[in-house]
$ cat upload_10.pdb   # PDB, C-alpha atoms
ATOM      1  CA  MET A1184       0.000   0.000   0.000
ATOM      2  CA  ARG A1185       1.420   3.355  -1.048
ATOM      3  CA  ARG A1186       1.911   5.846   1.753
ATOM      4  CA  THR A1187       1.156   9.528   1.328
ATOM      5  CA  ASN A1188       3.772  12.125   2.016
ATOM      6  CA  PRO A1189       3.677  13.342   5.617
ATOM      7  CA  SER A1190       3.442  16.934   6.805
ATOM      8  CA  HIS A1191       5.745  18.218   9.532
ATOM      9  CA  GLY A1192       4.617  21.181  11.629
ATOM     10  CA  ARG A1193       3.226  23.873   9.357
ATOM     11  CA  LYS A1194       5.098  22.666   6.286
ATOM     12  CA  SER A1195       2.996  20.894   3.696
ATOM     13  CA  ILE A1196       4.770  18.417   1.385
ATOM     14  CA  HIS A1197       3.339  17.756  -2.077
ATOM     15  CA  ALA A1198       4.269  15.223  -4.737
ATOM     16  CA  ASN A1199       5.562  16.945  -7.867
ATOM     17  CA  LEU A1200       6.773  15.640 -11.229
ATOM     18  CA  LYS A1201       9.024  18.647 -11.870
ATOM     19  CA  PRO A1202      12.822  18.281 -11.586
ATOM     20  CA  ARG A1203      14.168  19.331  -8.202
ATOM     21  CA  ALA A1204      15.843  22.370  -9.806
ATOM     22  CA  LEU A1205      12.428  23.741 -10.744
ATOM     23  CA  LEU A1206      10.766  23.280  -7.365
ATOM     24  CA  GLU A1207      10.064  26.301  -5.177
ATOM     25  CA  GLU A1208      12.638  26.863  -2.466
ATOM     26  CA  ALA A1209      10.135  28.216   0.062
ATOM     27  CA  PRO A1210       8.117  25.609   2.006
ATOM     28  CA  ASP A1211       4.334  25.820   2.014
ATOM     29  CA  LEU A1212       3.193  27.009   5.459
ATOM     30  CA  ILE A1213      -0.215  25.623   6.358
ATOM     31  CA  GLY A1214      -2.814  28.238   7.282
ATOM     32  CA  VAL A1215      -0.544  31.204   6.494
ATOM     33  CA  TRP A1216      -1.585  33.896   3.994
ATOM     34  CA  ARG A1217       0.172  33.043   0.731
ATOM     35  CA  ALA A1218       1.180  35.049  -2.325
ATOM     36  CA  ASP A1219       2.056  33.216  -5.546
ATOM     37  CA  ILE A1220       3.797  35.304  -8.213
ATOM     38  CA  ILE A1221       4.000  34.192 -11.848
ATOM     39  CA  THR A1222       6.839  36.067 -13.507
ATOM     40  CA  LEU A1223       9.657  35.849 -16.028
ATOM     41  CA  PHE A1224      11.910  37.468 -13.425
ATOM     42  CA  PRO A1225      11.563  35.551 -10.146
ATOM     43  CA  ASP A1226      14.799  37.085  -8.853
ATOM     44  CA  ALA A1227      12.957  40.423  -8.656
ATOM     45  CA  PHE A1228      11.241  39.105  -5.511
ATOM     46  CA  PRO A1229      10.976  39.765  -2.647
ATOM     47  CA  GLY A1230      12.685  43.033  -3.646
ATOM     48  CA  VAL A1231      11.643  45.861  -1.336
ATOM     49  CA  LEU A1232       9.199  43.449   0.311
ATOM     50  CA  GLY A1233      12.188  41.832   1.988
ATOM     51  CA  THR A1234      12.949  44.976   3.971
ATOM     52  CA  SER A1235      11.478  46.627   7.061
ATOM     53  CA  LEU A1236       8.611  45.074   9.042
ATOM     54  CA  ILE A1237       7.113  43.289   6.020
ATOM     55  CA  GLY A1238      10.411  41.514   5.371
ATOM     56  CA  LYS A1239      10.686  40.620   9.051
ATOM     57  CA  ALA A1240       7.154  39.218   8.974
ATOM     58  CA  LEU A1241       8.068  37.146   5.908
ATOM     59  CA  LYS A1242      11.038  35.624   7.733
ATOM     60  CA  GLU A1243       8.857  34.939  10.774
ATOM     61  CA  GLY A1244       6.267  33.101   8.671
ATOM     62  CA  LYS A1245       3.420  35.578   9.199
ATOM     63  CA  TRP A1246       2.935  35.508   5.421
ATOM     64  CA  GLN A1247       4.570  33.508   2.651
ATOM     65  CA  LEU A1248       5.839  34.293  -0.823
ATOM     66  CA  HIS A1249       6.206  31.776  -3.664
ATOM     67  CA  THR A1250       7.593  32.795  -7.041
ATOM     68  CA  HIS A1251       7.025  30.759 -10.204
ATOM     69  CA  ASP A1252       9.286  31.181 -13.216
ATOM     70  CA  LEU A1253       6.956  31.272 -16.225
ATOM     71  CA  ARG A1254       9.845  30.194 -18.450
ATOM     72  CA  SER A1255       9.796  26.765 -16.812
ATOM     73  CA  TYR A1256       6.335  26.250 -18.338
ATOM     74  CA  GLY A1257       7.467  27.430 -21.763
ATOM     75  CA  ASP A1258       6.953  25.507 -24.994
ATOM     76  CA  GLY A1259       9.584  23.563 -26.908
ATOM     77  CA  LYS A1260      13.356  23.473 -26.730
ATOM     78  CA  HIS A1261      13.645  27.212 -26.209
ATOM     79  CA  LYS A1262      10.827  27.416 -23.656
ATOM     80  CA  ASN A1263       8.846  29.973 -25.647
ATOM     81  CA  VAL A1264       6.275  31.941 -23.661
ATOM     82  CA  ASP A1265       5.073  34.437 -26.283
ATOM     83  CA  ASP A1266       4.032  34.783 -29.924
ATOM     84  CA  THR A1267       2.984  37.432 -32.447
ATOM     85  CA  PRO A1268      -0.424  39.151 -32.053
ATOM     86  CA  ALA A1269      -3.341  37.669 -33.988
ATOM     87  CA  GLY A1270      -4.380  40.207 -36.606
ATOM     88  CA  GLY A1271      -0.939  41.790 -36.722
ATOM     89  CA  GLY A1272       0.637  44.573 -34.725
ATOM     90  CA  ALA A1273       3.785  45.400 -32.824
ATOM     91  CA  GLY A1274       5.212  43.411 -29.915
ATOM     92  CA  MET A1275       4.501  39.955 -28.610
ATOM     93  CA  ILE A1276       1.656  38.391 -26.630
ATOM     94  CA  MET A1277       2.089  35.917 -23.764
ATOM     95  CA  ARG A1278       0.689  32.547 -24.820
ATOM     96  CA  PRO A1279      -2.506  31.133 -23.277
ATOM     97  CA  ASP A1280      -1.260  27.529 -23.151
ATOM     98  CA  VAL A1281       1.866  28.497 -21.206
ATOM     99  CA  LEU A1282       0.000  30.739 -18.778
ATOM    100  CA  GLY A1283      -2.796  28.212 -18.445
ATOM    101  CA  ASN A1284      -0.393  25.433 -17.482
ATOM    102  CA  ALA A1285       1.255  27.648 -14.865
ATOM    103  CA  LEU A1286      -2.049  28.750 -13.314
ATOM    104  CA  SER A1287      -3.507  25.224 -13.311
ATOM    105  CA  ASP A1288      -0.394  23.869 -11.611
ATOM    106  CA  ILE A1289      -0.461  26.528  -8.884
ATOM    107  CA  LEU A1290      -4.206  26.236  -8.269
ATOM    108  CA  LYS A1291      -3.898  22.450  -7.979
ATOM    109  CA  ARG A1292      -1.324  22.857  -5.223
ATOM    110  CA  ARG A1293      -2.883  25.705  -3.246
ATOM    111  CA  GLY A1294      -6.604  25.713  -4.054
ATOM    112  CA  PRO A1295      -8.877  28.552  -5.218
ATOM    113  CA  CYS A1296      -8.003  32.168  -4.442
ATOM    114  CA  PRO A1297      -8.169  35.582  -6.148
ATOM    115  CA  ILE A1298      -6.074  35.798  -9.332
ATOM    116  CA  ILE A1299      -4.844  39.263 -10.289
ATOM    117  CA  TYR A1300      -3.216  40.368 -13.530
ATOM    118  CA  MET A1301      -1.270  43.623 -13.320
ATOM    119  CA  SER A1302      -2.589  45.674 -16.229
ATOM    120  CA  PRO A1303      -2.826  49.413 -17.050
ATOM    121  CA  ARG A1304      -6.420  48.837 -18.170
ATOM    122  CA  GLY A1305      -7.396  47.286 -14.834
ATOM    123  CA  LYS A1306      -9.380  48.843 -12.018
ATOM    124  CA  PRO A1307      -7.239  50.967  -9.659
ATOM    125  CA  LEU A1308      -6.135  49.340  -6.419
ATOM    126  CA  LEU A1309      -8.165  50.703  -3.502
ATOM    127  CA  GLN A1310      -7.677  50.243   0.228
ATOM    128  CA  ALA A1311     -11.012  48.443   0.466
ATOM    129  CA  ARG A1312      -9.871  45.885  -2.124
ATOM    130  CA  ALA A1313      -6.606  45.339  -0.254
ATOM    131  CA  LYS A1314      -8.630  44.501   2.867
ATOM    132  CA  GLN A1315     -10.711  42.006   0.889
ATOM    133  CA  ILE A1316      -7.628  40.298  -0.531
ATOM    134  CA  VAL A1317      -6.011  39.916   2.867
ATOM    135  CA  SER A1318      -9.196  38.350   4.244
ATOM    136  CA  SER A1319      -8.833  35.446   1.780
ATOM    137  CA  SER A1320      -6.271  32.633   1.935
ATOM    138  CA  GLY A1321      -3.940  34.590  -0.314
ATOM    139  CA  VAL A1322      -3.538  35.707  -3.903
ATOM    140  CA  ILE A1323      -2.003  34.722  -7.229
ATOM    141  CA  ILE A1324      -0.478  37.636  -9.141
ATOM    142  CA  LEU A1325       0.390  37.384 -12.808
ATOM    143  CA  CYS A1326       3.131  39.773 -13.936
ATOM    144  CA  GLY A1327       2.710  40.562 -17.609
ATOM    145  CA  ARG A1328       5.417  41.497 -20.102
ATOM    146  CA  PHE A1329       5.581  42.455 -23.775
ATOM    147  CA  GLU A1330       2.209  43.672 -25.142
ATOM    148  CA  GLY A1331       0.090  41.740 -22.654
ATOM    149  CA  ILE A1332      -1.511  38.331 -22.325
ATOM    150  CA  ASP A1333      -4.025  36.369 -24.385
ATOM    151  CA  GLN A1334      -7.568  37.454 -23.469
ATOM    152  CA  ARG A1335      -8.718  33.829 -23.304
ATOM    153  CA  VAL A1336      -6.636  33.274 -20.175
ATOM    154  CA  ILE A1337      -8.344  36.208 -18.464
ATOM    155  CA  ASP A1338     -11.772  34.919 -19.434
ATOM    156  CA  HIS A1339     -11.132  31.253 -18.608
ATOM    157  CA  PHE A1340      -9.689  31.812 -15.130
ATOM    158  CA  GLN A1341     -11.877  34.860 -14.401
ATOM    159  CA  ILE A1342      -8.793  36.917 -13.674
ATOM    160  CA  GLU A1343      -9.142  40.335 -12.084
ATOM    161  CA  GLU A1344      -7.198  43.052 -13.904
ATOM    162  CA  MET A1345      -5.699  45.611 -11.533
ATOM    163  CA  SER A1346      -3.752  48.845 -12.014
ATOM    164  CA  ILE A1347      -1.682  51.011  -9.694
ATOM    165  CA  GLY A1348      -2.075  54.133 -11.848
ATOM    166  CA  ASP A1349      -2.742  55.608 -15.265
ATOM    167  CA  TYR A1350       0.674  54.895 -16.753
ATOM    168  CA  VAL A1351       2.498  51.978 -18.358
ATOM    169  CA  LEU A1352       5.396  50.019 -16.842
ATOM    170  CA  SER A1353       7.777  47.639 -18.612
ATOM    171  CA  GLY A1354       6.340  44.727 -16.653
ATOM    172  CA  GLY A1355       4.110  43.815 -13.746
ATOM    173  CA  GLU A1356       6.782  43.013 -11.163
ATOM    174  CA  LEU A1357       7.000  46.470  -9.564
ATOM    175  CA  ALA A1358       3.220  46.802  -9.575
ATOM    176  CA  ALA A1359       2.878  43.370  -7.958
ATOM    177  CA  GLN A1360       5.161  44.455  -5.133
ATOM    178  CA  VAL A1361       2.994  47.536  -4.595
ATOM    179  CA  ILE A1362      -0.104  45.333  -4.368
ATOM    180  CA  LEU A1363       1.576  43.001  -1.898
ATOM    181  CA  ASP A1364       2.901  45.842   0.254
ATOM    182  CA  ALA A1365      -0.558  47.414   0.488
ATOM    183  CA  THR A1366      -2.073  44.037   1.351
ATOM    184  CA  VAL A1367       0.451  42.273   3.580
ATOM    185  CA  ARG A1368       0.757  45.229   5.966
ATOM    186  CA  LEU A1369      -2.914  44.653   6.883
ATOM    187  CA  ILE A1370      -2.251  41.114   8.134
ATOM    188  CA  PRO A1371      -2.592  41.158  11.948
ATOM    189  CA  GLY A1372       0.805  41.271  13.619
ATOM    190  CA  VAL A1373       2.812  42.323  10.567
ATOM    191  CA  LEU A1374       3.186  45.979  11.609
ATOM    192  CA  GLY A1375       3.473  45.141  15.294
ATOM    193  CA  ASN A1376       0.733  47.604  16.304
ATOM    194  CA  ASP A1377      -2.497  46.874  14.416
ATOM    195  CA  ASP A1378      -3.962  50.236  15.500
ATOM    196  CA  SER A1379      -1.467  52.002  13.208
ATOM    197  CA  THR A1380      -3.615  51.232  10.144
ATOM    198  CA  LYS A1381      -6.924  52.507  11.558
ATOM    199  CA  ASP A1382      -6.448  56.238  10.901
ATOM    200  CA  GLU A1383      -4.444  55.994   7.684
ATOM    201  CA  SER A1384      -5.520  57.677   4.479
ATOM    202  CA  PHE A1385      -8.464  55.900   2.829
ATOM    203  CA  SER A1386      -9.171  53.728   5.897
ATOM    204  CA  ASN A1387     -12.314  55.760   6.659
ATOM    205  CA  GLY A1388     -12.840  57.419   3.276
ATOM    206  CA  LEU A1389     -10.704  60.461   4.132
ATOM    207  CA  LEU A1390      -7.078  61.463   3.721
ATOM    208  CA  GLU A1391      -4.984  61.261   6.870
ATOM    209  CA  TYR A1392      -4.601  64.325   9.078
ATOM    210  CA  PRO A1393      -1.196  66.106   9.413
ATOM    211  CA  GLN A1394       1.340  64.466  11.733
ATOM    212  CA  TYR A1395       3.935  66.126  13.996
ATOM    213  CA  THR A1396       6.702  65.105  16.380
ATOM    214  CA  ARG A1397       9.594  66.648  18.342
ATOM    215  CA  PRO A1398      11.118  69.206  18.416
ATOM    216  CA  SER A1399       8.088  71.291  19.348
ATOM    217  CA  VAL A1400       9.458  74.242  17.347
ATOM    218  CA  TRP A1401      11.296  73.823  14.029
ATOM    219  CA  GLU A1402      12.246  76.604  11.620
ATOM    220  CA  GLY A1403       9.898  78.916  13.505
ATOM    221  CA  GLN A1404       6.919  76.552  13.123
ATOM    222  CA  GLU A1405       5.215  75.163  16.223
ATOM    223  CA  ILE A1406       3.267  71.958  16.712
ATOM    224  CA  PRO A1407      -0.451  72.867  16.944
ATOM    225  CA  LYS A1408      -1.191  73.524  20.609
ATOM    226  CA  VAL A1409      -4.225  71.218  20.647
ATOM    227  CA  LEU A1410      -1.930  68.229  20.058
ATOM    228  CA  MET A1411       0.076  69.154  23.154
ATOM    229  CA  SER A1412      -3.009  69.732  25.331
ATOM    230  CA  GLY A1413      -3.465  66.167  26.522
ATOM    231  CA  ASP A1414      -7.203  66.441  25.828
ATOM    232  CA  HIS A1415      -7.934  63.324  23.745
ATOM    233  CA  THR A1416     -11.406  64.496  22.719
ATOM    234  CA  LYS A1417     -10.071  67.800  21.389
ATOM    235  CA  VAL A1418      -7.233  65.975  19.587
ATOM    236  CA  ALA A1419      -9.681  63.549  17.942
ATOM    237  CA  ASN A1420     -11.946  66.408  16.830
ATOM    238  CA  TRP A1421      -8.985  68.373  15.441
ATOM    239  CA  ARG A1422      -7.733  65.364  13.496
ATOM    240  CA  LYS A1423     -11.143  64.696  11.976
ATOM    241  CA  THR A1424     -11.551  68.333  10.966
ATOM    242  CA  GLU A1425      -8.076  68.400   9.385
ATOM    243  CA  SER A1426      -8.777  65.157   7.514
ATOM    244  CA  GLU A1427     -11.978  66.593   6.111
ATOM    245  CA  MET A1428     -10.319  69.853   5.086
ATOM    246  CA  LEU A1429      -7.422  68.078   3.353
ATOM    247  CA  THR A1430      -9.685  65.653   1.542
ATOM    248  CA  LYS A1431     -11.966  68.414   0.325
ATOM    249  CA  LYS A1432      -8.972  70.450  -0.911
ATOM    250  CA  ILE A1433      -6.730  67.727  -2.403
ATOM    251  CA  ARG A1434      -9.162  64.969  -3.393
ATOM    252  CA  PRO A1435     -12.600  66.415  -4.148
ATOM    253  CA  ASP A1436     -13.523  63.071  -5.731
ATOM    254  CA  LEU A1437     -13.050  61.308  -2.386
ATOM    255  CA  TRP A1438     -14.823  64.118  -0.568
ATOM    256  CA  GLY A1439     -17.864  63.714  -2.778
ATOM    257  CA  LYS A1440     -18.022  59.989  -2.016
ATOM    258  CA  TYR A1441     -17.525  60.620   1.699
ATOM    259  CA  LYS A1442     -20.367  63.126   1.888
ATOM    260  CA  SER A1443     -22.798  61.063  -0.195
TER     261      SER A1443
END
$ encode --input "upload_10.pdb" --output "C-alpha cells"
Amino acid sequence: MRRTNPSHGRKSIHANLKPRALLEEAPDLIGVWRADIITLFPDAFPGVLGTSLIGKALKEGKWQLHTHDLRSYGDGKHKNVDDTPAGGGAGMIMRPDVLGNALSDILKRRGPCPIIYMSPRGKPLLQARAKQIVSSSGVIILCGRFEGIDQRVIDHFQIEEMSIGDYVLSGGELAAQVILDATVRLIPGVLGNDDSTKDESFSNGLLEYPQYTRPSVWEGQEIPKVLMSGDHTKVANWRKTESEMLTKKIRPDLWGKYKS
C-alpha cells in the first residue's frame, strides 16, 4: 500500500513531477496567507518586500511568498512563452497555453483564491480591495510582459485586472510588489501595532490628518497647541476636521463619495 507524504509542523509536502531544480525553495506554510507570483523574473522578488517590518514578517512566517518562473512552463526546446499578435501589430503576446499550465499547476497545489493580472487597463487598487484580498487565503499575481496576455486566459480563469495608476510600466513586477505591500501590511501582527492602520488615508474614506513630532518648534513653526493639550477628545476632533479639510482640498472626488 502506497503511503502519502507526511506533513511536519506547518510545512505541507506535495508530490511533484518537476525536476528538483524547478521546485520552489520556500516551504508551504499551512494556514498562512500566501502570495504566488507568476513572472519571467523571479529574482525580482521579494525586492523591497524583503525589507522593514514586512520583510521581518516574511522571515517569521506571518505571510509567505512563492515565485514561479513562467519560463519553466514554456513551450519547446527554447521554452517559448510568447508569440505574435493575432491580426498583426507590434510586440509579442504571452501565450494562453503556457500561462494556463502555470495557473492550473499553482491552483492544484494551493486551491482557489483571487487571481490578479497587473494591467494598465485594470481597475485601480483601492484600500477596500486590499482589505478584501487579505481576508482570503492569499492571492495569485500574474506579472505581464511584452504587449500583454491572451484574453482567453483572463476569461477562462476569471482573472481580475488591476492597475496602480494611469501609466504603463515595462512589466508587472513592480506593480505586484505595490499590491503586496498594500495588502500584507494589513495582516494582523505584521506591523506590530495593528492600531497604526486605523487612521491611515483611505481607511475611513478620508485622507490622513497632518502628523507632527519633536522638536516642538522647528524653523519657527510650532506643533499645533491642541496636540500638546493632553485632551484626547479635542485631539480627535482636530484630526477629523483636518482630515476633512485636506480631503476636500486635495481629493474632491473622495470628498464627494464621503459626503454622499
$ residues_around --input "upload_10.pdb" --residues "Leu1308 of chain A" --least-positions-apart "6" --cutoff "10 Å" --atoms "only C-alpha atoms" --output "PyMOL selection string"
chain A and resi 1344-1348+1361-1362+1365
$ write_last_selection --input "upload_10.pdb" --atoms "C-alpha atoms" --output "compact mmCIF listing (two decimals), in the frame of the given file"
# COMPACT_ATOMS: atom_id res chain seq x y z
CA GLU A 1344 -7.20 43.05 -13.90
CA MET A 1345 -5.70 45.61 -11.53
CA SER A 1346 -3.75 48.84 -12.01
CA ILE A 1347 -1.68 51.01 -9.69
CA GLY A 1348 -2.08 54.13 -11.85
CA VAL A 1361 2.99 47.54 -4.60
CA ILE A 1362 -0.10 45.33 -4.37
CA ALA A 1365 -0.56 47.41 0.49
$ resolve_selection --input "upload_10.pdb" --expression "the PyMOL selection byres ((chain A and resi 1322) around 10)" --output "list in words"
Trp1216, Arg1217, Ala1218, Asp1219, Ile1220, Leu1248, Pro1295, Cys1296, Pro1297, Ile1298, Ile1299, Ile1316, Val1317, Ser1319, Ser1320, Gly1321, Ile1323, Ile1324, Leu1325, Leu1363 and Thr1366 of chain A
$ atom_distance --input "upload_10.pdb" --atom1 "atom CA of Glu1356 of chain A" --atom2 "atom CA of Pro1210 of chain A"
21.9 Å
$ residues_around --input "upload_10.pdb" --residues "Asp1364 of chain A" --least-positions-apart "3" --cutoff "9 Å" --atoms "all atoms listed in the file" --output "PyMOL selection string"
chain A and resi 1231-1232+1237+1359-1361+1367-1369
$ residues_around --input "upload_10.pdb" --residues "Pro1279 of chain A" --least-positions-apart "2" --cutoff "6 Å" --atoms "all atoms listed in the file" --output "list of chain:residue names"
A:Val1281, A:Leu1282, A:Gly1283, A:Asp1333, A:Val1336
$ closest_residue --input "upload_10.pdb" --among "A:Leu1390, A:Leu1352, A:Leu1223, A:Leu1410" --to "Lys1431 of chain A" --atoms "only C-alpha atoms"
A:Leu1390
$ atom_distance --input "upload_10.pdb" --atom1 "atom CA of Thr1416 of chain A" --atom2 "atom CA of Asn1387 of chain A"
18.3 Å
$ residues_around --input "upload_10.pdb" --residues "Pro1393 of chain A" --least-positions-apart "3" --cutoff "10 Å" --atoms "all atoms listed in the file" --output "PDB file with C-alpha atoms, keeping the file's coordinate frame"
ATOM      1  CA  LEU A1390      -7.078  61.463   3.721  1.00  0.00           C
ATOM      2  CA  ARG A1422      -7.733  65.364  13.496  1.00  0.00           C
ATOM      3  CA  GLU A1425      -8.076  68.400   9.385  1.00  0.00           C
ATOM      4  CA  SER A1426      -8.777  65.157   7.514  1.00  0.00           C
ATOM      5  CA  LEU A1429      -7.422  68.078   3.353  1.00  0.00           C
TER       6      LEU A1429
END
$ resolve_selection --input "upload_10.pdb" --expression "the PyMOL selection byres ((chain A and resi 1278) around 10)" --output "list in words"
Gly1257, Asp1258, Asn1263, Val1264, Asp1265, Asp1266, Thr1267, Pro1268, Met1275, Ile1276, Met1277, Pro1279, Asp1280, Val1281, Leu1282, Gly1283, Gly1331, Ile1332, Asp1333, Gln1334, Arg1335 and Val1336 of chain A
$ write_last_selection --input "upload_10.pdb" --atoms "C-alpha atoms" --output "PDB file, in the frame of the given file"
ATOM      1  CA  GLY A1257       7.467  27.430 -21.763  1.00  0.00           C
ATOM      2  CA  ASP A1258       6.953  25.507 -24.994  1.00  0.00           C
ATOM      3  CA  ASN A1263       8.846  29.973 -25.647  1.00  0.00           C
ATOM      4  CA  VAL A1264       6.275  31.941 -23.661  1.00  0.00           C
ATOM      5  CA  ASP A1265       5.073  34.437 -26.283  1.00  0.00           C
ATOM      6  CA  ASP A1266       4.032  34.783 -29.924  1.00  0.00           C
ATOM      7  CA  THR A1267       2.984  37.432 -32.447  1.00  0.00           C
ATOM      8  CA  PRO A1268      -0.424  39.151 -32.053  1.00  0.00           C
ATOM      9  CA  MET A1275       4.501  39.955 -28.610  1.00  0.00           C
ATOM     10  CA  ILE A1276       1.656  38.391 -26.630  1.00  0.00           C
ATOM     11  CA  MET A1277       2.089  35.917 -23.764  1.00  0.00           C
ATOM     12  CA  PRO A1279      -2.506  31.133 -23.277  1.00  0.00           C
ATOM     13  CA  ASP A1280      -1.260  27.529 -23.151  1.00  0.00           C
ATOM     14  CA  VAL A1281       1.866  28.497 -21.206  1.00  0.00           C
ATOM     15  CA  LEU A1282       0.000  30.739 -18.778  1.00  0.00           C
ATOM     16  CA  GLY A1283      -2.796  28.212 -18.445  1.00  0.00           C
ATOM     17  CA  GLY A1331       0.090  41.740 -22.654  1.00  0.00           C
ATOM     18  CA  ILE A1332      -1.511  38.331 -22.325  1.00  0.00           C
ATOM     19  CA  ASP A1333      -4.025  36.369 -24.385  1.00  0.00           C
ATOM     20  CA  GLN A1334      -7.568  37.454 -23.469  1.00  0.00           C
ATOM     21  CA  ARG A1335      -8.718  33.829 -23.304  1.00  0.00           C
ATOM     22  CA  VAL A1336      -6.636  33.274 -20.175  1.00  0.00           C
TER      23      VAL A1336
END
$ closest_residue --input "upload_10.pdb" --among "A:Leu1374, A:Leu1389, A:Pro1307, A:Gly1274" --to "Tyr1350 of chain A" --atoms "all atoms listed in the file"
A:Pro1307
$ atom_distance --input "upload_10.pdb" --atom1 "atom CA of Ile1221 of chain A" --atom2 "atom CA of His1251 of chain A"
4.9 Å
$ build_atoms --input "upload_10.pdb" --residues "segment 1355-1375 of chain A" --atoms "N, CA and C atoms" --output "PDB file, in the frame of the given file"
ATOM      1  N   GLY A1355       4.974  43.765 -14.917  1.00  0.00           N
ATOM      2  CA  GLY A1355       4.110  43.815 -13.746  1.00  0.00           C
ATOM      3  C   GLY A1355       4.792  43.591 -12.412  1.00  0.00           C
ATOM      4  N   GLU A1356       6.108  43.371 -12.412  1.00  0.00           N
ATOM      5  CA  GLU A1356       6.782  43.013 -11.163  1.00  0.00           C
ATOM      6  C   GLU A1356       6.729  44.129 -10.116  1.00  0.00           C
ATOM      7  N   LEU A1357       7.046  45.359 -10.524  1.00  0.00           N
ATOM      8  CA  LEU A1357       7.000  46.470  -9.564  1.00  0.00           C
ATOM      9  C   LEU A1357       5.584  46.703  -9.064  1.00  0.00           C
ATOM     10  N   ALA A1358       4.619  46.616  -9.977  1.00  0.00           N
ATOM     11  CA  ALA A1358       3.220  46.802  -9.575  1.00  0.00           C
ATOM     12  C   ALA A1358       2.780  45.707  -8.613  1.00  0.00           C
ATOM     13  N   ALA A1359       3.227  44.480  -8.841  1.00  0.00           N
ATOM     14  CA  ALA A1359       2.878  43.370  -7.958  1.00  0.00           C
ATOM     15  C   ALA A1359       3.410  43.609  -6.549  1.00  0.00           C
ATOM     16  N   GLN A1360       4.605  44.174  -6.451  1.00  0.00           N
ATOM     17  CA  GLN A1360       5.161  44.455  -5.133  1.00  0.00           C
ATOM     18  C   GLN A1360       4.364  45.545  -4.425  1.00  0.00           C
ATOM     19  N   VAL A1361       3.848  46.504  -5.192  1.00  0.00           N
ATOM     20  CA  VAL A1361       2.994  47.536  -4.595  1.00  0.00           C
ATOM     21  C   VAL A1361       1.720  46.907  -4.033  1.00  0.00           C
ATOM     22  N   ILE A1362       1.110  46.020  -4.818  1.00  0.00           N
ATOM     23  CA  ILE A1362      -0.104  45.333  -4.368  1.00  0.00           C
ATOM     24  C   ILE A1362       0.168  44.555  -3.087  1.00  0.00           C
ATOM     25  N   LEU A1363       1.258  43.821  -3.064  1.00  0.00           N
ATOM     26  CA  LEU A1363       1.576  43.001  -1.898  1.00  0.00           C
ATOM     27  C   LEU A1363       1.886  43.856  -0.679  1.00  0.00           C
ATOM     28  N   ASP A1364       2.595  44.964  -0.872  1.00  0.00           N
ATOM     29  CA  ASP A1364       2.901  45.842   0.254  1.00  0.00           C
ATOM     30  C   ASP A1364       1.615  46.394   0.862  1.00  0.00           C
ATOM     31  N   ALA A1365       0.705  46.851   0.001  1.00  0.00           N
ATOM     32  CA  ALA A1365      -0.558  47.414   0.488  1.00  0.00           C
ATOM     33  C   ALA A1365      -1.406  46.373   1.193  1.00  0.00           C
ATOM     34  N   THR A1366      -1.248  45.119   0.807  1.00  0.00           N
ATOM     35  CA  THR A1366      -2.073  44.037   1.351  1.00  0.00           C
ATOM     36  C   THR A1366      -1.463  43.407   2.592  1.00  0.00           C
ATOM     37  N   VAL A1367      -0.200  43.020   2.497  1.00  0.00           N
ATOM     38  CA  VAL A1367       0.451  42.273   3.580  1.00  0.00           C
ATOM     39  C   VAL A1367       0.495  43.079   4.869  1.00  0.00           C
ATOM     40  N   ARG A1368       0.666  44.397   4.762  1.00  0.00           N
ATOM     41  CA  ARG A1368       0.757  45.229   5.966  1.00  0.00           C
ATOM     42  C   ARG A1368      -0.534  45.214   6.777  1.00  0.00           C
ATOM     43  N   LEU A1369      -1.635  44.733   6.177  1.00  0.00           N
ATOM     44  CA  LEU A1369      -2.914  44.653   6.883  1.00  0.00           C
ATOM     45  C   LEU A1369      -3.089  43.338   7.632  1.00  0.00           C
ATOM     46  N   ILE A1370      -2.175  42.386   7.414  1.00  0.00           N
ATOM     47  CA  ILE A1370      -2.251  41.114   8.134  1.00  0.00           C
ATOM     48  C   ILE A1370      -1.963  41.372   9.618  1.00  0.00           C
ATOM     49  N   PRO A1371      -2.826  40.924  10.519  1.00  0.00           N
ATOM     50  CA  PRO A1371      -2.592  41.158  11.948  1.00  0.00           C
ATOM     51  C   PRO A1371      -1.204  40.707  12.383  1.00  0.00           C
ATOM     52  N   GLY A1372      -0.506  41.599  13.082  1.00  0.00           N
ATOM     53  CA  GLY A1372       0.805  41.271  13.619  1.00  0.00           C
ATOM     54  C   GLY A1372       1.965  41.662  12.736  1.00  0.00           C
ATOM     55  N   VAL A1373       1.715  41.985  11.472  1.00  0.00           N
ATOM     56  CA  VAL A1373       2.812  42.323  10.567  1.00  0.00           C
ATOM     57  C   VAL A1373       3.466  43.653  10.950  1.00  0.00           C
ATOM     58  N   LEU A1374       2.644  44.664  11.256  1.00  0.00           N
ATOM     59  CA  LEU A1374       3.186  45.979  11.609  1.00  0.00           C
ATOM     60  C   LEU A1374       3.498  46.111  13.091  1.00  0.00           C
ATOM     61  N   GLY A1375       3.213  45.076  13.863  1.00  0.00           N
ATOM     62  CA  GLY A1375       3.473  45.141  15.294  1.00  0.00           C
ATOM     63  C   GLY A1375       2.303  45.743  16.049  1.00  0.00           C
TER      64      GLY A1375
END
